[in-house]
>>> print(open('entry31.cif').read())   # mmCIF, C-alpha atoms
data_start
#
loop_
_atom_site.label_atom_id
_atom_site.label_comp_id
_atom_site.auth_asym_id
_atom_site.auth_seq_id
_atom_site.Cartn_x
_atom_site.Cartn_y
_atom_site.Cartn_z
CA MET D 1 0.00 0.00 0.00
CA SER D 2 1.47 3.32 -1.03
CA VAL D 3 0.94 6.42 1.03
CA PHE D 4 -0.73 9.35 -0.67
CA ASN D 5 0.67 12.53 0.84
CA SER D 6 -1.54 15.12 -0.81
CA SER D 7 -4.50 16.49 1.09
CA VAL D 8 -6.53 16.45 -2.13
CA ILE D 9 -8.97 13.54 -2.35
CA ILE D 10 -9.11 12.01 -5.81
CA HIS D 11 -12.29 10.17 -6.78
CA PRO D 12 -12.32 8.40 -10.16
CA PRO D 13 -15.33 8.60 -12.51
CA GLY D 14 -16.04 4.99 -11.58
CA PHE D 15 -14.77 1.43 -11.33
CA TYR D 16 -14.60 -1.63 -13.58
CA ILE D 17 -15.94 -4.92 -12.16
CA VAL D 18 -13.59 -7.65 -13.38
CA GLY D 19 -14.47 -10.84 -11.48
CA PHE D 20 -14.57 -14.23 -13.23
CA GLU D 21 -11.72 -13.28 -15.60
CA LYS D 22 -10.52 -16.90 -15.85
CA PHE D 23 -13.82 -18.61 -15.08
CA PRO D 24 -15.08 -20.68 -18.06
CA TYR D 25 -18.70 -20.53 -19.19
CA VAL D 26 -19.45 -17.52 -16.99
CA SER D 27 -22.44 -16.65 -19.23
CA PHE D 28 -24.13 -19.95 -18.31
CA TYR D 29 -23.54 -19.23 -14.63
CA ILE D 30 -25.13 -15.78 -14.92
CA ILE D 31 -28.14 -17.24 -16.77
CA PHE D 32 -28.48 -19.72 -13.90
CA LEU D 33 -28.42 -16.81 -11.42
CA ALA D 34 -31.07 -15.02 -13.49
CA PHE D 35 -33.30 -18.08 -13.04
CA VAL D 36 -32.48 -18.08 -9.31
CA TYR D 37 -33.49 -14.41 -9.15
CA VAL D 38 -36.88 -15.06 -10.74
CA VAL D 39 -37.50 -17.97 -8.34
CA THR D 40 -36.44 -15.82 -5.37
CA VAL D 41 -38.71 -12.89 -6.21
CA VAL D 42 -41.76 -14.98 -7.17
CA PHE D 43 -41.65 -17.38 -4.22
CA ASN D 44 -40.81 -14.76 -1.61
CA ILE D 45 -43.59 -12.43 -2.78
CA LEU D 46 -45.97 -15.40 -2.78
CA LEU D 47 -44.86 -16.28 0.76
CA ILE D 48 -45.43 -12.69 1.94
CA TYR D 49 -48.88 -12.65 0.32
CA ILE D 50 -49.94 -15.95 1.89
CA ILE D 51 -48.86 -14.92 5.40
CA ALA D 52 -50.40 -11.45 5.08
CA CYS D 53 -53.76 -12.86 3.95
CA ASN D 54 -53.94 -15.73 6.45
CA HIS D 55 -54.79 -14.42 9.93
CA SER D 56 -53.87 -17.73 11.55
CA LEU D 57 -50.26 -17.01 10.53
CA HIS D 58 -50.12 -13.58 12.18
CA SER D 59 -47.72 -14.72 14.88
CA PRO D 60 -44.23 -13.57 15.94
CA LYS D 61 -42.60 -16.39 13.98
CA PHE D 62 -44.24 -15.43 10.70
CA VAL D 63 -43.60 -11.73 11.24
CA ALA D 64 -39.94 -12.77 11.30
CA VAL D 65 -40.47 -14.96 8.21
CA ILE D 66 -42.01 -12.02 6.30
CA ASN D 67 -39.03 -9.88 7.30
CA LEU D 68 -36.65 -12.55 5.99
CA ALA D 69 -38.60 -12.74 2.71
CA VAL D 70 -38.39 -8.95 2.25
CA VAL D 71 -34.65 -9.03 2.93
CA ASP D 72 -34.20 -11.89 0.45
CA VAL D 73 -35.93 -9.96 -2.36
CA LEU D 74 -33.95 -6.78 -1.65
CA LEU D 75 -30.61 -8.59 -1.36
CA THR D 76 -30.92 -10.46 -4.65
CA THR D 77 -32.31 -7.38 -6.43
CA THR D 78 -29.23 -5.45 -5.34
CA ILE D 79 -26.80 -8.00 -6.73
CA ILE D 80 -28.14 -10.29 -9.50
CA PRO D 81 -29.42 -7.71 -12.06
CA SER D 82 -26.06 -5.96 -11.70
CA MET D 83 -24.22 -9.24 -12.34
CA ILE D 84 -26.33 -9.82 -15.46
CA LYS D 85 -25.37 -6.36 -16.75
CA VAL D 86 -21.68 -6.84 -15.97
CA PHE D 87 -20.98 -10.44 -16.95
CA LEU D 88 -23.68 -11.28 -19.49
CA PHE D 89 -23.92 -7.98 -21.37
CA LYS D 90 -20.23 -7.09 -20.76
CA ASP D 91 -21.05 -3.62 -19.39
CA ASN D 92 -18.73 -3.66 -16.38
CA PHE D 93 -18.34 0.08 -15.65
CA ILE D 94 -20.07 1.50 -12.58
CA SER D 95 -19.91 5.17 -11.60
CA PHE D 96 -18.28 6.14 -8.29
CA ASN D 97 -21.52 7.26 -6.60
CA LEU D 98 -23.51 4.28 -7.88
CA CYS D 99 -20.72 2.04 -6.60
CA LEU D 100 -21.17 3.43 -3.09
CA VAL D 101 -24.96 3.03 -3.33
CA GLN D 102 -24.65 -0.62 -4.40
CA MET D 103 -22.07 -1.25 -1.69
CA CYS D 104 -24.30 0.28 0.97
CA CYS D 105 -27.43 -1.59 -0.13
CA TYR D 106 -25.72 -4.97 -0.48
CA TYR D 107 -24.07 -4.92 2.92
CA ALA D 108 -27.14 -3.50 4.66
CA PHE D 109 -29.33 -6.31 3.30
CA ALA D 110 -26.66 -9.00 3.80
CA THR D 111 -26.32 -7.83 7.42
CA MET D 112 -30.09 -8.01 7.84
CA GLU D 113 -30.07 -11.54 6.37
CA SER D 114 -27.73 -12.58 9.18
CA TYR D 115 -29.75 -10.78 11.86
CA SER D 116 -33.03 -12.14 10.47
CA LEU D 117 -31.82 -15.70 10.96
CA ALA D 118 -30.79 -14.79 14.53
CA ILE D 119 -34.25 -13.31 15.15
CA LEU D 120 -35.86 -16.58 14.01
CA ALA D 121 -33.55 -18.44 16.41
CA TYR D 122 -34.82 -16.18 19.22
CA ASP D 123 -38.39 -17.11 18.29
CA ARG D 124 -37.60 -20.83 18.51
CA LEU D 125 -35.68 -20.31 21.78
CA ILE D 126 -38.64 -18.65 23.51
CA ALA D 127 -41.21 -21.06 22.03
CA ILE D 128 -39.37 -24.18 23.24
CA CYS D 129 -37.45 -23.08 26.35
CA LEU D 130 -39.96 -20.57 27.76
CA PRO D 131 -43.35 -21.58 26.33
CA LEU D 132 -45.32 -20.21 29.29
CA ARG D 133 -43.69 -16.78 28.96
CA GLN D 134 -44.19 -16.21 25.25
CA ASN D 135 -46.70 -13.45 25.87
CA LEU D 136 -44.08 -11.69 27.97
CA PHE D 137 -40.98 -12.10 25.78
CA ASN D 138 -42.23 -12.74 22.25
CA THR D 139 -45.37 -11.05 20.98
CA VAL D 140 -46.07 -9.66 17.51
CA GLU D 141 -45.36 -6.17 18.86
CA ILE D 142 -42.04 -7.21 20.44
CA MET D 143 -40.99 -9.06 17.30
CA SER D 144 -41.88 -6.09 15.08
CA GLY D 145 -39.99 -3.72 17.37
CA THR D 146 -36.93 -6.00 17.43
CA ILE D 147 -36.88 -6.19 13.65
CA ALA D 148 -37.21 -2.41 13.36
CA VAL D 149 -34.28 -1.87 15.74
CA PHE D 150 -32.04 -4.20 13.72
CA TRP D 151 -33.04 -2.47 10.47
CA ILE D 152 -32.14 0.94 11.89
CA TYR D 153 -28.86 -0.35 13.33
CA SER D 154 -27.87 -2.13 10.11
CA LEU D 155 -28.61 0.86 7.91
CA ALA D 156 -26.76 3.25 10.26
CA GLN D 157 -23.73 0.94 10.57
CA ILE D 158 -23.40 0.39 6.82
CA ALA D 159 -24.07 4.06 6.03
CA TYR D 160 -21.09 4.97 8.23
CA SER D 161 -18.84 2.30 6.69
CA THR D 162 -19.78 3.43 3.18
CA GLY D 163 -19.49 7.12 4.05
CA ILE D 164 -15.86 6.83 5.12
CA MET D 165 -15.00 5.41 1.68
CA THR D 166 -15.27 8.98 0.38
CA GLN D 167 -12.13 9.79 2.39
CA LEU D 168 -10.03 7.57 0.12
CA SER D 169 -8.15 8.63 -2.98
CA PHE D 170 -7.94 6.36 -6.01
CA CYS D 171 -5.04 7.35 -8.22
CA ASN D 172 -3.92 3.95 -9.56
CA SER D 173 -6.08 0.97 -10.53
CA VAL D 174 -9.89 1.13 -10.71
CA ARG D 175 -10.36 -2.60 -11.44
CA VAL D 176 -12.45 -4.28 -8.72
CA TYR D 177 -11.93 -8.04 -8.68
CA SER D 178 -15.31 -9.17 -7.40
CA TYR D 179 -18.85 -9.76 -8.65
CA PHE D 180 -20.07 -6.30 -7.55
CA CYS D 181 -18.70 -3.09 -6.04
CA ASP D 182 -17.33 -4.94 -3.04
CA TYR D 183 -16.11 -3.10 0.07
CA ALA D 184 -12.68 -4.63 0.72
CA PRO D 185 -11.62 -4.99 -2.95
CA VAL D 186 -12.51 -1.32 -3.46
CA PHE D 187 -10.73 0.17 -0.45
CA ARG D 188 -7.59 -1.87 -1.21
CA LEU D 189 -7.32 0.07 -4.47
CA ALA D 190 -6.82 3.34 -2.55
CA CYS D 191 -3.47 5.08 -2.67
CA ASN D 192 -3.81 6.66 0.78
CA ASP D 193 -4.16 5.05 4.21
CA TYR D 194 -7.22 2.79 4.48
CA THR D 195 -6.70 1.65 8.07
CA LEU D 196 -10.03 3.18 9.15
CA GLN D 197 -11.92 1.35 6.39
CA TRP D 198 -10.15 -1.93 7.22
CA SER D 199 -11.08 -1.52 10.90
CA ALA D 200 -14.71 -0.75 10.00
CA ALA D 201 -14.87 -3.84 7.78
CA SER D 202 -13.37 -6.08 10.48
CA ALA D 203 -15.66 -4.76 13.22
CA SER D 204 -18.68 -5.01 10.94
CA SER D 205 -17.86 -8.65 10.13
CA MET D 206 -17.65 -9.52 13.81
CA VAL D 207 -20.89 -7.76 14.72
CA SER D 208 -22.88 -8.75 11.65
CA LEU D 209 -21.69 -12.32 11.10
CA VAL D 210 -19.92 -13.81 14.12
CA ALA D 211 -22.30 -12.36 16.75
CA PRO D 212 -25.56 -13.61 15.11
CA PHE D 213 -24.02 -17.01 14.35
CA SER D 214 -22.80 -17.34 17.94
CA PHE D 215 -26.25 -16.40 19.24
CA ILE D 216 -27.83 -19.04 16.99
CA LEU D 217 -25.42 -21.72 18.27
CA LEU D 218 -26.11 -20.78 21.90
CA SER D 219 -29.85 -20.76 21.24
CA TYR D 220 -29.78 -24.27 19.83
CA ALA D 221 -27.58 -25.48 22.66
CA SER D 222 -30.27 -24.25 25.09
CA ILE D 223 -33.01 -25.76 22.94
CA LEU D 224 -31.28 -29.17 22.89
CA VAL D 225 -30.85 -29.11 26.67
CA THR D 226 -34.56 -28.32 27.09
CA VAL D 227 -35.66 -30.92 24.54
CA PHE D 228 -33.66 -33.76 26.09
CA ARG D 229 -35.15 -32.95 29.47
CA MET D 230 -38.62 -33.68 28.09
CA LYS D 231 -39.95 -37.04 29.25
CA SER D 232 -42.07 -37.70 26.18
CA VAL D 233 -40.23 -38.81 23.04
CA ASN D 234 -43.16 -37.55 20.99
CA ASN D 235 -42.82 -34.06 22.49
CA ARG D 236 -39.10 -34.12 21.78
CA MET D 237 -39.69 -34.93 18.12
CA LYS D 238 -42.37 -32.24 17.78
CA ALA D 239 -40.11 -29.60 19.33
CA LEU D 240 -37.16 -30.52 17.11
CA ALA D 241 -39.38 -30.64 14.00
CA THR D 242 -40.27 -26.97 14.46
CA CYS D 243 -36.54 -26.10 14.20
CA VAL D 244 -35.65 -28.09 11.10
CA GLU D 245 -36.38 -25.40 8.51
CA HIS D 246 -34.44 -22.77 10.44
CA VAL D 247 -31.41 -25.04 10.90
CA ILE D 248 -31.37 -25.71 7.15
CA LEU D 249 -31.48 -21.99 6.33
CA CYS D 250 -28.70 -21.16 8.81
CA ALA D 251 -26.48 -23.92 7.42
CA ILE D 252 -26.99 -22.77 3.82
CA PHE D 253 -26.21 -19.15 4.66
CA PHE D 254 -23.44 -19.33 7.27
CA ILE D 255 -21.40 -22.45 6.39
CA PRO D 256 -20.14 -21.33 2.93
CA ILE D 257 -19.13 -17.89 4.20
CA ILE D 258 -17.39 -19.27 7.29
CA VAL D 259 -15.57 -21.93 5.25
CA ILE D 260 -14.30 -19.25 2.85
CA PHE D 261 -13.04 -17.14 5.75
CA LEU D 262 -11.35 -20.16 7.38
CA ILE D 263 -9.59 -21.09 4.13
CA GLY D 264 -8.33 -17.54 3.81
CA LEU D 265 -7.23 -17.53 7.46
CA PHE D 266 -5.38 -20.87 7.63
CA LEU D 267 -4.31 -21.44 4.03
CA GLY D 268 -3.53 -17.78 3.43
CA SER D 269 -4.85 -17.72 -0.11
CA MET D 270 -7.70 -18.89 -2.29
CA ASP D 271 -8.12 -18.91 -6.04
CA PRO D 272 -9.78 -15.54 -6.86
CA ASP D 273 -12.34 -17.06 -9.22
CA GLN D 274 -13.26 -19.75 -6.69
CA ARG D 275 -13.65 -17.10 -3.98
CA VAL D 276 -15.88 -14.91 -6.15
CA LEU D 277 -17.93 -17.93 -7.23
CA SER D 278 -18.37 -19.19 -3.65
CA LEU D 279 -19.31 -15.80 -2.23
CA SER D 280 -21.76 -15.06 -5.04
CA LEU D 281 -23.46 -18.43 -4.51
CA ALA D 282 -23.61 -17.81 -0.75
CA SER D 283 -25.30 -14.48 -1.41
CA CYS D 284 -27.73 -15.59 -4.13
CA ILE D 285 -28.79 -19.18 -3.36
CA PRO D 286 -30.11 -18.92 0.26
CA PRO D 287 -32.76 -16.27 -0.60
CA SER D 288 -34.23 -18.61 -3.23
CA ILE D 289 -34.35 -21.57 -0.83
CA ASN D 290 -35.82 -19.77 2.20
CA PRO D 291 -39.44 -19.51 0.95
CA ILE D 292 -39.38 -23.06 -0.45
CA VAL D 293 -38.21 -24.51 2.88
CA TYR D 294 -40.88 -22.65 4.88
CA SER D 295 -43.57 -23.51 2.33
CA LEU D 296 -42.77 -27.23 2.52
CA LYS D 297 -42.48 -27.30 6.32
CA THR D 298 -45.59 -25.24 7.18
CA LYS D 299 -48.93 -26.91 6.51
CA GLU D 300 -50.93 -23.68 6.33
CA ILE D 301 -48.55 -22.11 3.80
CA LYS D 302 -48.38 -25.27 1.69
CA THR D 303 -52.17 -25.61 1.59
CA ARG D 304 -52.71 -21.95 0.70
CA ALA D 305 -50.02 -22.08 -2.00
CA LEU D 306 -51.69 -25.11 -3.59
CA VAL D 307 -55.04 -23.27 -3.60
CA ILE D 308 -53.47 -20.28 -5.38
CA ILE D 309 -51.75 -22.52 -7.96
CA THR D 310 -55.02 -24.41 -8.58
CA LYS D 311 -56.89 -21.13 -9.15
CA MET D 312 -54.20 -19.98 -11.59
CA LYS D 313 -54.49 -23.24 -13.57
CA ILE D 314 -58.30 -22.92 -13.74
CA SER D 315 -58.10 -19.30 -14.94
CA LEU D 316 -55.67 -20.33 -17.67
#
>>> encode(input="entry31.cif", output="structure tokens")
Amino acid sequence: MSVFNSSVIIHPPGFYIVGFEKFPYVSFYIIFLAFVYVVTVVFNILLIYIIACNHSLHSPKFVAVINLAVVDVLLTTTIIPSMIKVFLFKDNFISFNLCLVQMCCYYAFATMESYSLAILAYDRLIAICLPLRQNLFNTVEIMSGTIAVFWIYSLAQIAYSTGIMTQLSFCNSVRVYSYFCDYAPVFRLACNDYTLQWSAASASSMVSLVAPFSFILLSYASILVTVFRMKSVNNRMKALATCVEHVILCAIFFIPIIVIFLIGLFLGSMDPDQRVLSLSLASCIPPSINPIVYSLKTKEIKTRALVIITKMKISL
């Protein structure tokens, strides 16, 4: 990293997104992601509609599910259309201001994805470990307020992290090796000191990824202790069955990201194309799976979805 001594801040007109330079058949991969995007938007909007229209589903758990569905749509909308433009239509230039906007939106929604899964873990924790105190610790109002607080915090945190990017000067390369205007690949292009941005990124990763994941692990440790104290095997199975869909979603979202970080930590390096591919899949695939998992595991949602599909077939 070279030190830029001038007090003048130099902002380039924009950046060039250059991920997947050596990745074969990238066009087929982007077409696959376009299909994933359509599935994500359609199924999540359908899920939101079903829950909103079915009063029996107006519970804290499904308030959290609606929040996750909204986050899924916003997250994929921030990233996949941009990837189609860059890698399918070969238009890889993004203006400086639009780069910051995309960066802010992506990390805000990715942060909320992590927090949303932690919020669902809280719902399961209260429902199984403190069933008699649900009205005290987990009502629709409490759940809505909790979600609102995390939204405000996430937006404020990411707005600050993005805002301090304007303090950097870019006087050398403007080629961002990623699948979007990514935070770390961008600030590493700066020719002045980016210690503040590196610190913000590190702190944000701890708070937005490690903290929610740790909370989820602790929640399920408490749930398992409570479940194995139950005398009835049938009650144990029922309690664990209510957690299956959430465990699947957490595994799909957290495991790829954590594995990538561990490889980078212990092996020191990772093939750039493999890293970009893995991170893009970790960002784009979970939002498409979330509504399908909840639809298959929730009888009311599955029944209502079948009714809607039947009506559509009849009208056609």
>>> closest_atom_pairs(input="entry31.cif", of="segment 7-56 of chain D", to="segment 88-104 of chain D", cutoff="8 Å", atoms="only C-alpha atoms", output="tab-separated table")
residue	atom	partner	partner_atom	distance
D:His11	CA	D:Phe96	CA	7.4
D:Pro12	CA	D:Phe96	CA	6.6
D:Pro13	CA	D:Phe96	CA	5.7
D:Gly14	CA	D:Ser95	CA	3.9
D:Phe15	CA	D:Ile94	CA	5.4
D:Tyr16	CA	D:Phe93	CA	4.6
D:Ile17	CA	D:Asn92	CA	5.2
D:Val18	CA	D:Asn92	CA	7.2
D:Val26	CA	D:Leu88	CA	7.9
D:Ser27	CA	D:Leu88	CA	5.5
D:Ile30	CA	D:Leu88	CA	6.6
D:Ile31	CA	D:Leu88	CA	7.9
>>> closest_residue(input="entry31.cif", among="D:Ile80, D:Val140, D:Ala156, D:Ile128", to="Arg229 of chain D", atoms="only C-alpha atoms")
D:Ile128
>>> closest_residue(input="entry31.cif", among="D:Ala118, D:Leu240, D:Leu57, D:Leu281", to="Ile260 of chain D", atoms="only C-alpha atoms")
D:Leu281
>>> closest_residue(input="entry31.cif", among="D:Tyr37, D:Ser144, D:Val8, D:Ala211", to="Ile84 of chain D", atoms="all atoms listed in the file")
D:Tyr37
>>> closest_residue(input="entry31.cif", among="D:Ile152, D:Val293, D:Phe20, D:Thr298", to="Ala69 of chain D", atoms="all atoms listed in the file")
D:Val293
>>> closest_residue(input="entry31.cif", among="D:Ile301, D:Ile126, D:Leu277, D:Met312", to="Phe23 of chain D", atoms="all atoms listed in the file")
D:Leu277
>>> residues_around(input="entry31.cif", residues="Thr111 of chain D", least_positions_apart="5", cutoff="8 Å", atoms="only C-alpha atoms", output="JSON list (two decimals) with C-alpha atoms, keeping the file's coordinate frame")
[["chain", "number", "residue", "atom", "x", "y", "z"],
["D", 154, "SER", "CA", -27.87, -2.13, 10.11],
["D", 208, "SER", "CA", -22.88, -8.75, 11.65],
["D", 209, "LEU", "CA", -21.69, -12.32, 11.10]]
>>> resolve_selection(input="entry31.cif", expression="the PyMOL selection byres ((chain D and resi 114) around 9)", output="VMD selection string")
chain D and resid 109 to 113 115 to 119 208 to 209 212 to 213 250 253 to 254
>>> resolve_selection(input="entry31.cif", expression="the PyMOL selection byres ((chain D and resi 302) around 12)", output="JSON, numbers by chain")
{"D": [43, 46, 47, 50, 51, 291, 292, 293, 294, 295, 296, 297, 298, 299, 300, 301, 303, 304, 305, 306, 307, 308, 309]}
>>> residues_around(input="entry31.cif", residues="Ala184 of chain D", least_positions_apart="3", cutoff="10 Å", atoms="all atoms listed in the file", output="PyMOL selection string")
chain D and resi 176+178+181+187-189+194+197-198+201-202
>>> atom_distance(input="entry31.cif", atom1="atom CA of Tyr153 of chain D", atom2="atom CA of Ala108 of chain D")
9.4 Å
>>> closest_residue(input="entry31.cif", among="D:Ala121, D:Ile164, D:Ile314, D:Val186", to="Ser199 of chain D", atoms="only C-alpha atoms")
D:Ile164
>>> atom_distance(input="entry31.cif", atom1="atom CA of Thr166 of chain D", atom2="atom CA of Ile9 of chain D")
8.2 Å
>>> atom_distance(input="entry31.cif", atom1="atom CA of Tyr160 of chain D", atom2="atom CA of Val71 of chain D")
20.2 Å
>>> axis_aligned_box(input="entry31.cif", around="segment 134-147 of chain D", padding_each_side="6 Å", output="AutoDock Vina command-line options")
--center_x -41.8 --center_y -10.0 --center_z 20.8 --size_x 21.8 --size_y 24.5 --size_z 26.3
>>> residues_around(input="entry31.cif", residues="Val63 of chain D", least_positions_apart="4", cutoff="12 Å", atoms="all atoms listed in the file", output="JSON, numbers by chain")
{"D": [47, 48, 51, 52, 55, 56, 57, 58, 59, 67, 68, 69, 70, 116, 119, 120, 123, 138, 139, 140, 141, 142, 143, 144, 145, 146, 147, 148]}
>>> residues_near_point(input="entry31.cif", point="(-15.4, -13.4, 2.6)", cutoff="10 Å", atoms="only C-alpha atoms", output="PyMOL selection string")
chain D and resi 184+205+256-264+275-276+278-279+282
>>> build_atoms(input="entry31.cif", residues="segment 21-37 of chain D", atoms="N, CA, C and O atoms", output="short mmCIF file (atom, residue, chain, number, x, y, z; two decimals), in the frame of the given file")
data_model
loop_
_atom_site.label_atom_id
_atom_site.label_comp_id
_atom_site.auth_asym_id
_atom_site.auth_seq_id
_atom_site.Cartn_x
_atom_site.Cartn_y
_atom_site.Cartn_z
N GLU D 21 -12.54 -13.46 -14.41
CA GLU D 21 -11.72 -13.28 -15.60
C GLU D 21 -11.27 -14.61 -16.20
O GLU D 21 -11.14 -14.74 -17.42
N LYS D 22 -11.00 -15.61 -15.35
CA LYS D 22 -10.52 -16.90 -15.85
C LYS D 22 -11.56 -18.01 -15.69
O LYS D 22 -11.26 -19.18 -15.89
N PHE D 23 -12.78 -17.63 -15.33
CA PHE D 23 -13.82 -18.61 -15.08
C PHE D 23 -14.50 -18.99 -16.39
O PHE D 23 -15.06 -18.13 -17.08
N PRO D 24 -14.47 -20.28 -16.79
CA PRO D 24 -15.08 -20.68 -18.06
C PRO D 24 -16.61 -20.71 -17.96
O PRO D 24 -17.17 -20.94 -16.90
N TYR D 25 -17.25 -20.45 -19.09
CA TYR D 25 -18.70 -20.53 -19.19
C TYR D 25 -19.41 -19.61 -18.17
O TYR D 25 -20.43 -19.97 -17.60
N VAL D 26 -18.85 -18.42 -17.97
CA VAL D 26 -19.45 -17.52 -16.99
C VAL D 26 -20.86 -17.10 -17.42
O VAL D 26 -21.73 -16.85 -16.58
N SER D 27 -21.10 -17.04 -18.74
CA SER D 27 -22.44 -16.65 -19.23
C SER D 27 -23.50 -17.64 -18.76
O SER D 27 -24.61 -17.23 -18.39
N PHE D 28 -23.18 -18.94 -18.76
CA PHE D 28 -24.13 -19.95 -18.31
C PHE D 28 -24.41 -19.80 -16.82
O PHE D 28 -25.54 -19.99 -16.36
N TYR D 29 -23.37 -19.45 -16.08
CA TYR D 29 -23.54 -19.23 -14.63
C TYR D 29 -24.45 -18.04 -14.36
O TYR D 29 -25.32 -18.10 -13.49
N ILE D 30 -24.29 -16.97 -15.11
CA ILE D 30 -25.13 -15.78 -14.92
C ILE D 30 -26.57 -16.06 -15.33
O ILE D 30 -27.52 -15.59 -14.68
N ILE D 31 -26.77 -16.85 -16.38
CA ILE D 31 -28.14 -17.24 -16.77
C ILE D 31 -28.78 -18.07 -15.66
O ILE D 31 -29.96 -17.91 -15.34
N PHE D 32 -27.99 -18.95 -15.04
CA PHE D 32 -28.48 -19.72 -13.90
C PHE D 32 -28.90 -18.78 -12.76
O PHE D 32 -29.95 -18.96 -12.15
N LEU D 33 -28.08 -17.76 -12.47
CA LEU D 33 -28.42 -16.81 -11.42
C LEU D 33 -29.66 -15.99 -11.77
O LEU D 33 -30.44 -15.62 -10.89
N ALA D 34 -29.86 -15.72 -13.06
CA ALA D 34 -31.07 -15.02 -13.49
C ALA D 34 -32.30 -15.86 -13.17
O ALA D 34 -33.34 -15.33 -12.70
N PHE D 35 -32.20 -17.17 -13.41
CA PHE D 35 -33.30 -18.08 -13.04
C PHE D 35 -33.50 -18.08 -11.53
O PHE D 35 -34.65 -18.05 -11.05
N VAL D 36 -32.40 -18.12 -10.78
CA VAL D 36 -32.48 -18.08 -9.31
C VAL D 36 -33.18 -16.80 -8.85
O VAL D 36 -34.00 -16.83 -7.93
N TYR D 37 -32.88 -15.69 -9.51
CA TYR D 37 -33.49 -14.41 -9.15
C TYR D 37 -35.00 -14.44 -9.34
O TYR D 37 -35.76 -13.98 -8.48
#
